[in-house]
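Visitor: If you scroll down you'll find the structure; I have some questions about it.
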Amino acid sequence: MTVISAMFSKLGIAVATDSMLSAIDENGDLTCIEWQQSKIVVVPKLKACISYWGFAGALKGLPKKNKPVEWIWRTYEWLQKESSNPKFFQLEDFSKNILEKLDKQLQNIHLARPEQKGIGLHIAGLEKIDGYVIPELFLVSNYSDPSYQNIKELGLSRNTYHTIFNVPPATDHSKKEYRFAVKDSLRDGRIITYNNGDPILFNLISSVIHSSFEIASKKKILRNLNTVEETVPIVKRPIEIISN
């Protein structure tokens, strides 16, 4: 399963993922089909990026060991196409468009079991509100719970305010007062972290590492970080532990 780690701070946004793609082969075994496949798509126009987990695409047939696979439809390539030059200028409008188009794409793909089309996207980027640049994470997903075994209707939600203040996601969180609350919290040193992956193997490890930095940040004992590049090793560390 894909593992994703992300950190939001007053310095910016850092995102990291693993780079392995796996599928069920002709013998019914889980096999790696690619070792160095990016799972992050940059959206330059919006100063954003999309990372994904779950459904990587539909294959023409079962993968055969030591032979290249053929794709009917591929999540990464589709995201690249939609992100290369979007007609939207606002991150929320872009995210809503991705939701609508992805839903149509998934409906046209027929697999043996519906849950095989379970997918999640993190659309992380910046919004400009009254001259202030404020980060946001839009979640597009059809997973119904953190086990990633069950799916529901594809949906969209904002996540920074509800993460910081521990309240359910709401459409109202797009309003200025909620966005400014996020800005002020990050300005005061709050760090927001996200992780997606195996509920036991990855999420537990990632949560411990990220929580340690969040607690240190709240207590103001975290070493001063001056650039967003300095947060990258923190984001990458949980993935490196699992990979090694």
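Residue numbering restarts at 1 for every chain of the structure tokens, chains are lettered A, B, ... in their displayed order, and ligands are numbered from 1 as they appear.
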Write out as an MDAnalysis selection string all residues of segment 21-100 of chain A that DSSP puts in helix (DSSP H, G or I) for this structure's backbone.
Guide: chainID A and resid 44:46 75:83 91:100
Visitor: What's around segment 44-55 of chain A at 6 Å? Count only C-alpha atoms, leave out sequence neighbours fewer than 4 positions away in its own chain, and write the answer as a short mmCIF file (atom, residue, chain, number, x, y, z; two decimals) with C-alpha atoms, in the first residue's frame.
Guide:
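What landed in result_35.cif:
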```cif
data_model
loop_
_atom_site.label_atom_id
_atom_site.label_comp_id
_atom_site.auth_asym_id
_atom_site.auth_seq_id
_atom_site.Cartn_x
_atom_site.Cartn_y
_atom_site.Cartn_z
CA THR A 2 1.11 3.55 -0.74
CA LYS A 39 2.95 9.35 -6.64
CA ILE A 40 3.13 13.14 -6.42
CA LYS A 117 -11.52 1.18 -6.75
CA GLY A 118 -10.83 2.61 -3.31
CA ILE A 119 -8.78 5.78 -3.73
CA GLY A 120 -7.62 8.84 -1.85
CA LEU A 121 -6.07 12.11 -3.01
CA HIS A 122 -4.35 14.76 -0.92
CA ILE A 123 -4.55 18.07 -2.79
CA ALA A 124 -2.18 20.30 -0.84
CA GLY A 125 -1.68 23.91 -1.79
#
```
Visitor: Looking at only C-alpha atoms, which of A:Ala14, A:Leu99, A:Leu106, A:Ile129 is the one that sits closest to Lys175 of chain A?
Guide: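 For Lys175 of chain A, the nearest of the given residues is A:Ile129.
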Visitor: Name the residues in contact with Gln149 of chain A at a cut-off of 9 Å, using only C-alpha atoms, excluding same-chain residues fewer than 6 positions from it; report them as a ChimeraX atom specification.
Guide: /A:115-116,118,143
Visitor: Please report the interatomic distance between atom CA of Val228 of chain A and atom CA of Leu139 of chain A in Å with one decimal.
Guide: 21.9 Å
Visitor: Hey, what's within 8 Å of segment 30-38 of chain A if we count only C-alpha atoms and toss same-chain stuff fewer than 4 positions away? As a list of chain:residue names, please?
Guide: A:Thr17, A:Asp18, A:Ser19, A:Met20, A:Leu21, A:Ser22, A:Ala23, A:Ile24, A:Asp25, A:Pro63, A:Lys65, A:Pro68, A:Val69
Visitor: Work out how far atom CA of Phe8 of chain A is from atom CA of Lys183 of chain A, in Å to one decimal.
Guide: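 Interatomic distance, atom CA of Lys183 of chain A to atom CA of Phe8 of chain A: 10.8 Å.
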Visitor: Which one is closest to Ile72 of chain A: A:Asn195, A:Ser147, A:Gln105, A:Thr163? Count only C-alpha atoms.
Guide: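 Closest to Ile72 of chain A of all the choices is A:Gln105.
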Visitor: When you look at Asp103 of chain A with a cut-off of 10 Å (counting only C-alpha atoms), what residues show up, excluding the ones that are within fewer than 2 positions of it in the same chain? I need them as a PyMOL selection string.
Guide: chain A and resi 97-101+105-108+141-142+153-155
Visitor: Could you give me, as a ChimeraX atom specification, the residues within 7 Å of Pro169 of chain A, counting only C-alpha atoms and dropping anything in the same chain fewer than 5 positions from it?
Guide: /A:157-159,162
Visitor: Name the residues in contact with Leu126 of chain A at a cut-off of 9 Å, using only C-alpha atoms, excluding same-chain residues fewer than 5 positions from it; report them as a VMD selection string.
Guide: chain A and resid 12 to 13 46 to 48 91 133 to 137
Visitor: In chain A, what's strand (DSSP E or B) per DSSP? Answer as number ranges by chain?
Guide: A: 4-9, 12-17, 21-24, 30-34, 40-43, 48-54, 57-59, 71-74, 119-129, 132-143, 151-158, 192-196
Visitor: Report the distance between atom CA of Ala16 of chain A and atom CA of Ile234 of chain A in Å, rounded to one decimal place.
Guide: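 Straight-line distance from atom CA of Ala16 of chain A to atom CA of Ile234 of chain A works out to 9.8 Å.
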